[in-house]
Amino acid sequence: MSFPSPSPAPSPSPAPSACPALDARIERLRELARADSRLEGVLLYGSWTTGEADAHSDIEAYLYVRDEHVDDFDGPAFVARLAPLQLAYTNMYGILAVVFDDLMRGEFHICAAGAGIEEVPTWEGMVHLPSPEKAVLLDRTGRLTRAAERLARFRPPEPVTTARQLTHELANWTLMLAHVLARGEVARAHALLHSVIAPQQLQLCRLLRGTTAHWLTPSRALEQDLPAADRDRYTGTTAAARSQEVRTAARNSWRWSRDLAAEAAERWGIDLPRELHQRIGDLLDDRR
């Protein structure tokens with residue numbers, strides 16, 4: 001006669017974060033998940049799992065539904081049991097995004113457990129879970145815990161290949177910025193400068209300073225992670241969407257990009273297309 005395997009013992013409650021409301025909501029999620037047999041596992045990600053949560057943090061989780069119940073699992077109805085919802089919809093990335101009645105945001109990935117849990121180890125180098133036992137709220141089979149443990153060790157980006165990629169990206173996108181400005185599309189140039197170029201500059205700066213913990217969101221904790229001189233250079237790349245201000249910010253941005261690229265080239269022996277860099281600078285300096 002065979003007997004079912006016992007459920008894993010519940011993990012001890014983690015130390016409180018700086019956001020009691022988030023702690024309470026996560027504990028409520030743990031209780032609801034344990035009571036719903038359709039769920040095989042629940043995995044948290046985001047600031048709560050890295051010990052950085054505060055009063056402005058979101059709740060972010062993967063809900064791994066047993067494959068045979070994926071079609072009958074009502075994600076919004078399940079999440080609404082955490083707290084009343086002001087908004088619930090599937091966002092542009094296919095994630096269930098919600099706003100609770102206390103204005104806390106939430107993001108919930110509803111996944112089939114089979115393929116979903118198998119995917120977790122492929123996140124190495126992109127997702128860091130320093131305490132997998134804290135991130136895993138529910139694991140009925142042990143599969144999710146084993147997968148999450150693969151993400152426990154932080155893997156910083158490989159410096160030479162990454163720096164070379166970023167220096168090329170910055171040259172390419174800044175050339176586009178110069179052409180857009182020459183066409184007179186100030187609003188488009190403003191968006192390109194702040195949403196495409198700036199994050200890559202910050203990643204290259206973080207790589208050079210050895211502060212890559214916030215790699216995927218390089219503006220996060222910038223005020224604490226980067227020296228004052230770098231913060232000032234970054235500030236010089238920002239502007240209101242007015243023609244002269246954007247043009248000045250674009251020139252400042254390219255000067256900083258070239259300085260970062262030169263520093264990376266000296267440290268890691270990267271070859272730079274220096275003639276191209278000069279020509280991009282000339283385009284941005286053309287005030288006609």
# chains A, B, ... in the order shown; residues from 1 in each chain; ligands from 1
>>> residues_around(residues="Ala113 (chain A)", least_positions_apart="6", cutoff="6 Å", atoms="only C-alpha atoms", output="ChimeraX atom specification")
/A:64-67
>>> select_by_dssp(residues="region 85-270 of chain A", states="alpha helix (DSSP H)", output="PyMOL selection string")
chain A and resi 113-119+132-135+143-149+159-183+186-192+198-209+222-225+228-235+243-268
>>> closest_atom_pairs(of="region 128-231 of chain A", to="region 23-42 of chain A", cutoff="12 Å", atoms="only C-alpha atoms", output="CSV")
residue,atom,partner,partner_atom,distance
A:Pro132,CA,A:Val42,CA,11.6
A:Glu133,CA,A:Val42,CA,11.5
A:Lys134,CA,A:Ile26,CA,10.8
A:Ala135,CA,A:Val42,CA,8.4
A:Val136,CA,A:Val42,CA,6.0
A:Leu137,CA,A:Val42,CA,5.3
A:Leu138,CA,A:Gly41,CA,4.6
A:Asp139,CA,A:Gly41,CA,4.5
A:Arg140,CA,A:Glu40,CA,5.5
A:Thr141,CA,A:Glu40,CA,7.3
A:Gly142,CA,A:Gly41,CA,9.0
A:Arg143,CA,A:Gly41,CA,8.7
A:Leu144,CA,A:Gly41,CA,6.6
A:Thr145,CA,A:Gly41,CA,9.1
A:Arg146,CA,A:Gly41,CA,11.9
A:Ala147,CA,A:Gly41,CA,11.4
A:Ala148,CA,A:Val42,CA,10.9
>>> write_last_selection(atoms="all heavy atoms", output="short mmCIF file (atom, residue, chain, number, x, y, z; two decimals), in the first residue's frame")
data_model
loop_
_atom_site.label_atom_id
_atom_site.label_comp_id
_atom_site.auth_asym_id
_atom_site.auth_seq_id
_atom_site.Cartn_x
_atom_site.Cartn_y
_atom_site.Cartn_z
N PRO A 132 15.54 32.12 -0.79
CA PRO A 132 14.47 31.38 -1.45
C PRO A 132 13.37 30.93 -0.50
O PRO A 132 12.19 30.90 -0.85
CB PRO A 132 15.18 30.17 -2.07
CG PRO A 132 16.59 30.62 -2.23
CD PRO A 132 16.86 31.55 -1.08
N GLU A 133 13.75 30.61 0.74
CA GLU A 133 12.75 30.16 1.71
C GLU A 133 11.76 31.27 2.05
O GLU A 133 10.63 31.00 2.47
CB GLU A 133 13.43 29.65 2.99
CG GLU A 133 14.12 30.72 3.84
CD GLU A 133 15.48 31.15 3.32
OE1 GLU A 133 15.93 30.63 2.28
OE2 GLU A 133 16.09 32.03 3.96
N LYS A 134 12.17 32.51 1.88
CA LYS A 134 11.27 33.64 2.10
C LYS A 134 10.40 33.88 0.87
O LYS A 134 9.22 34.24 0.99
CB LYS A 134 12.08 34.90 2.41
CG LYS A 134 11.27 36.14 2.66
CD LYS A 134 12.17 37.32 3.02
CE LYS A 134 11.35 38.59 3.29
NZ LYS A 134 12.20 39.74 3.66
N ALA A 135 10.96 33.68 -0.31
CA ALA A 135 10.23 33.95 -1.54
C ALA A 135 9.16 32.89 -1.83
O ALA A 135 8.12 33.20 -2.42
CB ALA A 135 11.20 34.02 -2.71
N VAL A 136 9.40 31.66 -1.42
CA VAL A 136 8.44 30.58 -1.69
C VAL A 136 7.39 30.56 -0.59
O VAL A 136 7.67 30.18 0.55
CB VAL A 136 9.16 29.22 -1.78
CG1 VAL A 136 8.14 28.10 -1.97
CG2 VAL A 136 10.17 29.22 -2.93
N LEU A 137 6.18 30.97 -0.93
CA LEU A 137 5.09 30.97 0.05
C LEU A 137 4.38 29.63 0.13
O LEU A 137 3.79 29.29 1.15
CB LEU A 137 4.06 32.05 -0.29
CG LEU A 137 4.49 33.51 -0.19
CD1 LEU A 137 3.27 34.42 -0.35
CD2 LEU A 137 5.19 33.79 1.13
N LEU A 138 4.39 28.91 -0.97
CA LEU A 138 3.71 27.61 -1.02
C LEU A 138 4.47 26.70 -1.97
O LEU A 138 4.85 27.13 -3.06
CB LEU A 138 2.27 27.78 -1.52
CG LEU A 138 1.48 26.48 -1.77
CD1 LEU A 138 1.13 25.81 -0.44
CD2 LEU A 138 0.24 26.74 -2.60
N ASP A 139 4.68 25.46 -1.56
CA ASP A 139 5.32 24.47 -2.43
C ASP A 139 4.85 23.09 -1.99
O ASP A 139 5.36 22.54 -1.02
CB ASP A 139 6.85 24.59 -2.34
CG ASP A 139 7.55 23.62 -3.28
OD1 ASP A 139 6.87 23.00 -4.11
OD2 ASP A 139 8.79 23.50 -3.19
N ARG A 140 3.90 22.55 -2.70
CA ARG A 140 3.32 21.27 -2.28
C ARG A 140 4.17 20.07 -2.69
O ARG A 140 3.97 18.98 -2.15
CB ARG A 140 1.91 21.12 -2.88
CG ARG A 140 0.93 22.19 -2.41
CD ARG A 140 -0.50 21.84 -2.83
NE ARG A 140 -1.38 22.98 -2.70
CZ ARG A 140 -1.98 23.36 -1.57
NH1 ARG A 140 -1.76 22.68 -0.45
NH2 ARG A 140 -2.79 24.40 -1.55
N THR A 141 5.08 20.25 -3.61
CA THR A 141 5.84 19.10 -4.12
C THR A 141 7.33 19.21 -3.89
O THR A 141 8.05 18.22 -4.06
CB THR A 141 5.62 18.96 -5.65
OG1 THR A 141 6.17 20.10 -6.31
CG2 THR A 141 4.13 18.84 -5.97
N GLY A 142 7.83 20.39 -3.54
CA GLY A 142 9.27 20.60 -3.40
C GLY A 142 9.93 21.08 -4.68
O GLY A 142 11.08 21.52 -4.66
N ARG A 143 9.21 21.01 -5.81
CA ARG A 143 9.81 21.42 -7.09
C ARG A 143 10.14 22.90 -7.12
O ARG A 143 11.19 23.32 -7.61
CB ARG A 143 8.85 21.11 -8.25
CG ARG A 143 8.61 19.64 -8.52
CD ARG A 143 7.99 19.44 -9.89
NE ARG A 143 6.79 20.25 -10.08
CZ ARG A 143 6.47 20.82 -11.24
NH1 ARG A 143 7.27 20.71 -12.29
NH2 ARG A 143 5.34 21.52 -11.35
N LEU A 144 9.23 23.72 -6.59
CA LEU A 144 9.42 25.17 -6.66
C LEU A 144 10.60 25.60 -5.79
O LEU A 144 11.40 26.46 -6.18
CB LEU A 144 8.15 25.89 -6.24
CG LEU A 144 8.17 27.41 -6.33
CD1 LEU A 144 8.54 27.89 -7.73
CD2 LEU A 144 6.82 27.99 -5.91
N THR A 145 10.73 25.01 -4.62
CA THR A 145 11.85 25.36 -3.75
C THR A 145 13.18 25.02 -4.40
O THR A 145 14.13 25.81 -4.38
CB THR A 145 11.72 24.63 -2.41
OG1 THR A 145 10.52 25.06 -1.76
CG2 THR A 145 12.91 24.94 -1.50
N ARG A 146 13.25 23.84 -5.01
CA ARG A 146 14.50 23.45 -5.67
C ARG A 146 14.82 24.41 -6.82
O ARG A 146 15.98 24.77 -7.04
CB ARG A 146 14.39 22.01 -6.20
CG ARG A 146 14.39 20.96 -5.11
CD ARG A 146 14.57 19.57 -5.69
NE ARG A 146 13.46 19.17 -6.54
CZ ARG A 146 12.35 18.58 -6.12
NH1 ARG A 146 12.20 18.33 -4.82
NH2 ARG A 146 11.40 18.23 -6.96
N ALA A 147 13.79 24.83 -7.55
CA ALA A 147 14.02 25.76 -8.66
C ALA A 147 14.46 27.13 -8.14
O ALA A 147 15.38 27.74 -8.69
CB ALA A 147 12.74 25.89 -9.48
N ALA A 148 13.80 27.61 -7.08
CA ALA A 148 14.12 28.94 -6.54
C ALA A 148 15.53 28.98 -5.95
O ALA A 148 16.19 30.03 -5.98
CB ALA A 148 13.09 29.33 -5.49
#
>>> residues_around(residues="Trp215 (chain A)", least_positions_apart="2", cutoff="8 Å", atoms="only C-alpha atoms", output="list in words")
Gln203, Arg206, Thr212, Ala213, Thr217 and Pro218 of chain A
>>> write_last_selection(atoms="N, CA, C and O atoms", output="PDB file, in the first residue's frame")
ATOM      1  N   GLN A 203      23.461  51.509 -16.311  1.00  0.00           N
ATOM      2  CA  GLN A 203      23.999  50.155 -16.207  1.00  0.00           C
ATOM      3  C   GLN A 203      25.512  50.150 -16.405  1.00  0.00           C
ATOM      4  O   GLN A 203      26.244  49.480 -15.666  1.00  0.00           O
ATOM      5  N   ARG A 206      27.059  51.562 -13.310  1.00  0.00           N
ATOM      6  CA  ARG A 206      27.020  50.582 -12.214  1.00  0.00           C
ATOM      7  C   ARG A 206      28.070  49.492 -12.416  1.00  0.00           C
ATOM      8  O   ARG A 206      28.701  49.029 -11.458  1.00  0.00           O
ATOM      9  N   THR A 212      26.071  46.563  -8.976  1.00  0.00           N
ATOM     10  CA  THR A 212      25.146  45.966  -9.946  1.00  0.00           C
ATOM     11  C   THR A 212      23.957  45.258  -9.298  1.00  0.00           C
ATOM     12  O   THR A 212      23.209  44.566  -9.989  1.00  0.00           O
ATOM     13  N   ALA A 213      23.754  45.431  -8.008  1.00  0.00           N
ATOM     14  CA  ALA A 213      22.647  44.737  -7.344  1.00  0.00           C
ATOM     15  C   ALA A 213      21.299  45.128  -7.931  1.00  0.00           C
ATOM     16  O   ALA A 213      20.371  44.317  -7.971  1.00  0.00           O
ATOM     17  N   THR A 217      16.828  47.339 -12.810  1.00  0.00           N
ATOM     18  CA  THR A 217      16.198  48.656 -12.674  1.00  0.00           C
ATOM     19  C   THR A 217      17.294  49.599 -12.208  1.00  0.00           C
ATOM     20  O   THR A 217      17.384  49.937 -11.026  1.00  0.00           O
ATOM     21  N   PRO A 218      18.152  50.059 -13.121  1.00  0.00           N
ATOM     22  CA  PRO A 218      19.373  50.738 -12.694  1.00  0.00           C
ATOM     23  C   PRO A 218      19.163  52.086 -12.028  1.00  0.00           C
ATOM     24  O   PRO A 218      20.075  52.594 -11.384  1.00  0.00           O
TER      25      PRO A 218
END
>>> closest_residue(among="A:Thr248, A:Ser243, A:Leu170, A:Asp72", to="Arg183 (chain A)", atoms="only C-alpha atoms")
A:Ser243
>>> residues_around(residues="His190 (chain A)", least_positions_apart="6", cutoff="8 Å", atoms="only C-alpha atoms", output="ChimeraX atom specification")
/A:239-241,246
>>> select_by_dssp(residues="region 64-284 of chain A", states="strand (DSSP E)", output="ChimeraX atom specification")
/A:64-65,85-90,96-100,105-112,136-139
>>> residues_around(residues="region 224-237 of chain A", least_positions_apart="4", cutoff="10 Å", atoms="only C-alpha atoms", output="PyMOL selection string")
chain A and resi 193-194+197-198+201-202+205-206+209-214+218-220+245-257
>>> residues_around(residues="Leu166 (chain A)", least_positions_apart="2", cutoff="12 Å", atoms="only C-alpha atoms", output="PyMOL selection string")
chain A and resi 157-164+168-174+196-208+257-258+260-261+264-265+270+272
>>> residues_around(residues="Cys19 (chain A)", least_positions_apart="2", cutoff="7 Å", atoms="only C-alpha atoms", output="PyMOL selection string")
chain A and resi 17+21-23+53-55
>>> write_last_selection(atoms="N, CA, C and O atoms", output="mmCIF file, in the first residue's frame")
data_model
loop_
_atom_site.group_PDB
_atom_site.id
_atom_site.type_symbol
_atom_site.label_atom_id
_atom_site.label_comp_id
_atom_site.auth_asym_id
_atom_site.auth_seq_id
_atom_site.Cartn_x
_atom_site.Cartn_y
_atom_site.Cartn_z
ATOM 1 N N SER A 17 9.020 43.495 7.643
ATOM 2 C CA SER A 17 9.654 44.477 6.773
ATOM 3 C C SER A 17 9.308 45.870 7.287
ATOM 4 O O SER A 17 8.689 46.030 8.338
ATOM 5 N N ALA A 21 1.701 46.696 6.309
ATOM 6 C CA ALA A 21 0.554 46.380 5.457
ATOM 7 C C ALA A 21 0.930 45.337 4.410
ATOM 8 O O ALA A 21 0.148 44.422 4.100
ATOM 9 N N LEU A 22 2.136 45.445 3.860
ATOM 10 C CA LEU A 22 2.596 44.458 2.886
ATOM 11 C C LEU A 22 2.839 43.117 3.555
ATOM 12 O O LEU A 22 2.480 42.059 3.012
ATOM 13 N N ASP A 23 3.438 43.125 4.738
ATOM 14 C CA ASP A 23 3.644 41.879 5.481
ATOM 15 C C ASP A 23 2.316 41.159 5.702
ATOM 16 O O ASP A 23 2.215 39.940 5.498
ATOM 17 N N ALA A 53 11.675 46.332 1.004
ATOM 18 C CA ALA A 53 10.295 46.816 0.961
ATOM 19 C C ALA A 53 10.097 47.996 1.903
ATOM 20 O O ALA A 53 10.694 48.071 2.979
ATOM 21 N N ASP A 54 9.251 48.924 1.463
ATOM 22 C CA ASP A 54 8.872 50.054 2.312
ATOM 23 C C ASP A 54 7.388 50.354 2.090
ATOM 24 O O ASP A 54 6.672 49.567 1.457
ATOM 25 N N ALA A 55 6.922 51.476 2.583
ATOM 26 C CA ALA A 55 5.502 51.800 2.521
ATOM 27 C C ALA A 55 4.987 51.981 1.098
ATOM 28 O O ALA A 55 3.773 52.013 0.875
#
>>> atom_distance(atom1="CA of Tyr93 (chain A)", atom2="CA of Met176 (chain A)")
26.4 Å
>>> atom_distance(atom1="CA of Ser131 (chain A)", atom2="CA of Val70 (chain A)")
28.1 Å
>>> closest_residue(among="A:Leu216, A:Leu44, A:Ala77, A:Leu82", to="Gly125 (chain A)", atoms="only C-alpha atoms")
A:Leu216
>>> atom_distance(atom1="CA of Gly184 (chain A)", atom2="CA of Asp286 (chain A)")
12.9 Å
>>> closest_residue(among="A:Gly114, A:Gly106, A:Gly94, A:Gly51", to="Glu68 (chain A)", atoms="only C-alpha atoms")
A:Gly114
>>> decode(residues="region 198-252 of chain A", atoms="C-alpha atoms", output="PDB file, in the first residue's frame")
ATOM      1  CA  ALA A 198      19.650  56.810 -19.624  1.00  0.00           C
ATOM      2  CA  PRO A 199      19.028  53.234 -18.323  1.00  0.00           C
ATOM      3  CA  GLN A 200      21.933  51.918 -20.395  1.00  0.00           C
ATOM      4  CA  GLN A 201      24.215  54.702 -19.148  1.00  0.00           C
ATOM      5  CA  LEU A 202      23.295  53.833 -15.587  1.00  0.00           C
ATOM      6  CA  GLN A 203      23.999  50.155 -16.207  1.00  0.00           C
ATOM      7  CA  LEU A 204      27.435  50.946 -17.606  1.00  0.00           C
ATOM      8  CA  CYS A 205      28.097  53.279 -14.692  1.00  0.00           C
ATOM      9  CA  ARG A 206      27.020  50.582 -12.214  1.00  0.00           C
ATOM     10  CA  LEU A 207      29.251  48.055 -13.940  1.00  0.00           C
ATOM     11  CA  LEU A 208      32.227  50.394 -13.562  1.00  0.00           C
ATOM     12  CA  ARG A 209      31.437  51.218  -9.920  1.00  0.00           C
ATOM     13  CA  GLY A 210      30.712  47.620  -8.899  1.00  0.00           C
ATOM     14  CA  THR A 211      27.139  48.401  -7.800  1.00  0.00           C
ATOM     15  CA  THR A 212      25.146  45.966  -9.946  1.00  0.00           C
ATOM     16  CA  ALA A 213      22.647  44.737  -7.344  1.00  0.00           C
ATOM     17  CA  HIS A 214      19.916  46.833  -8.978  1.00  0.00           C
ATOM     18  CA  TRP A 215      20.969  45.905 -12.492  1.00  0.00           C
ATOM     19  CA  LEU A 216      17.525  45.341 -14.005  1.00  0.00           C
ATOM     20  CA  THR A 217      16.198  48.656 -12.674  1.00  0.00           C
ATOM     21  CA  PRO A 218      19.373  50.738 -12.694  1.00  0.00           C
ATOM     22  CA  SER A 219      17.711  53.931 -11.455  1.00  0.00           C
ATOM     23  CA  ARG A 220      16.554  52.178  -8.276  1.00  0.00           C
ATOM     24  CA  ALA A 221      18.373  53.427  -5.166  1.00  0.00           C
ATOM     25  CA  LEU A 222      20.628  55.503  -7.420  1.00  0.00           C
ATOM     26  CA  GLU A 223      20.964  58.099  -4.680  1.00  0.00           C
ATOM     27  CA  GLN A 224      22.523  55.510  -2.356  1.00  0.00           C
ATOM     28  CA  ASP A 225      24.389  53.356  -4.868  1.00  0.00           C
ATOM     29  CA  LEU A 226      26.339  55.853  -6.983  1.00  0.00           C
ATOM     30  CA  PRO A 227      28.883  58.544  -6.049  1.00  0.00           C
ATOM     31  CA  ALA A 228      27.859  62.191  -6.104  1.00  0.00           C
ATOM     32  CA  ALA A 229      29.900  62.882  -9.251  1.00  0.00           C
ATOM     33  CA  ASP A 230      27.961  60.244 -11.197  1.00  0.00           C
ATOM     34  CA  ARG A 231      24.653  61.493  -9.836  1.00  0.00           C
ATOM     35  CA  ASP A 232      25.537  64.981 -11.054  1.00  0.00           C
ATOM     36  CA  ARG A 233      26.422  63.662 -14.509  1.00  0.00           C
ATOM     37  CA  TYR A 234      23.102  61.836 -14.642  1.00  0.00           C
ATOM     38  CA  THR A 235      21.206  64.957 -13.584  1.00  0.00           C
ATOM     39  CA  GLY A 236      22.856  66.845 -16.439  1.00  0.00           C
ATOM     40  CA  THR A 237      21.264  64.413 -18.920  1.00  0.00           C
ATOM     41  CA  THR A 238      17.720  65.220 -17.781  1.00  0.00           C
ATOM     42  CA  ALA A 239      15.547  67.997 -19.171  1.00  0.00           C
ATOM     43  CA  ALA A 240      12.063  69.318 -19.693  1.00  0.00           C
ATOM     44  CA  ALA A 241      10.657  68.618 -23.151  1.00  0.00           C
ATOM     45  CA  ARG A 242      11.714  71.995 -24.523  1.00  0.00           C
ATOM     46  CA  SER A 243      13.960  72.242 -27.558  1.00  0.00           C
ATOM     47  CA  GLN A 244      17.017  73.957 -26.136  1.00  0.00           C
ATOM     48  CA  GLU A 245      16.919  72.029 -22.856  1.00  0.00           C
ATOM     49  CA  VAL A 246      16.691  68.681 -24.626  1.00  0.00           C
ATOM     50  CA  ARG A 247      19.556  69.607 -26.944  1.00  0.00           C
ATOM     51  CA  THR A 248      21.737  70.603 -24.002  1.00  0.00           C
ATOM     52  CA  ALA A 249      20.840  67.410 -22.143  1.00  0.00           C
ATOM     53  CA  ALA A 250      21.621  65.345 -25.243  1.00  0.00           C
ATOM     54  CA  ARG A 251      25.112  66.857 -25.518  1.00  0.00           C
ATOM     55  CA  ASN A 252      25.706  66.304 -21.796  1.00  0.00           C
TER      56      ASN A 252
END
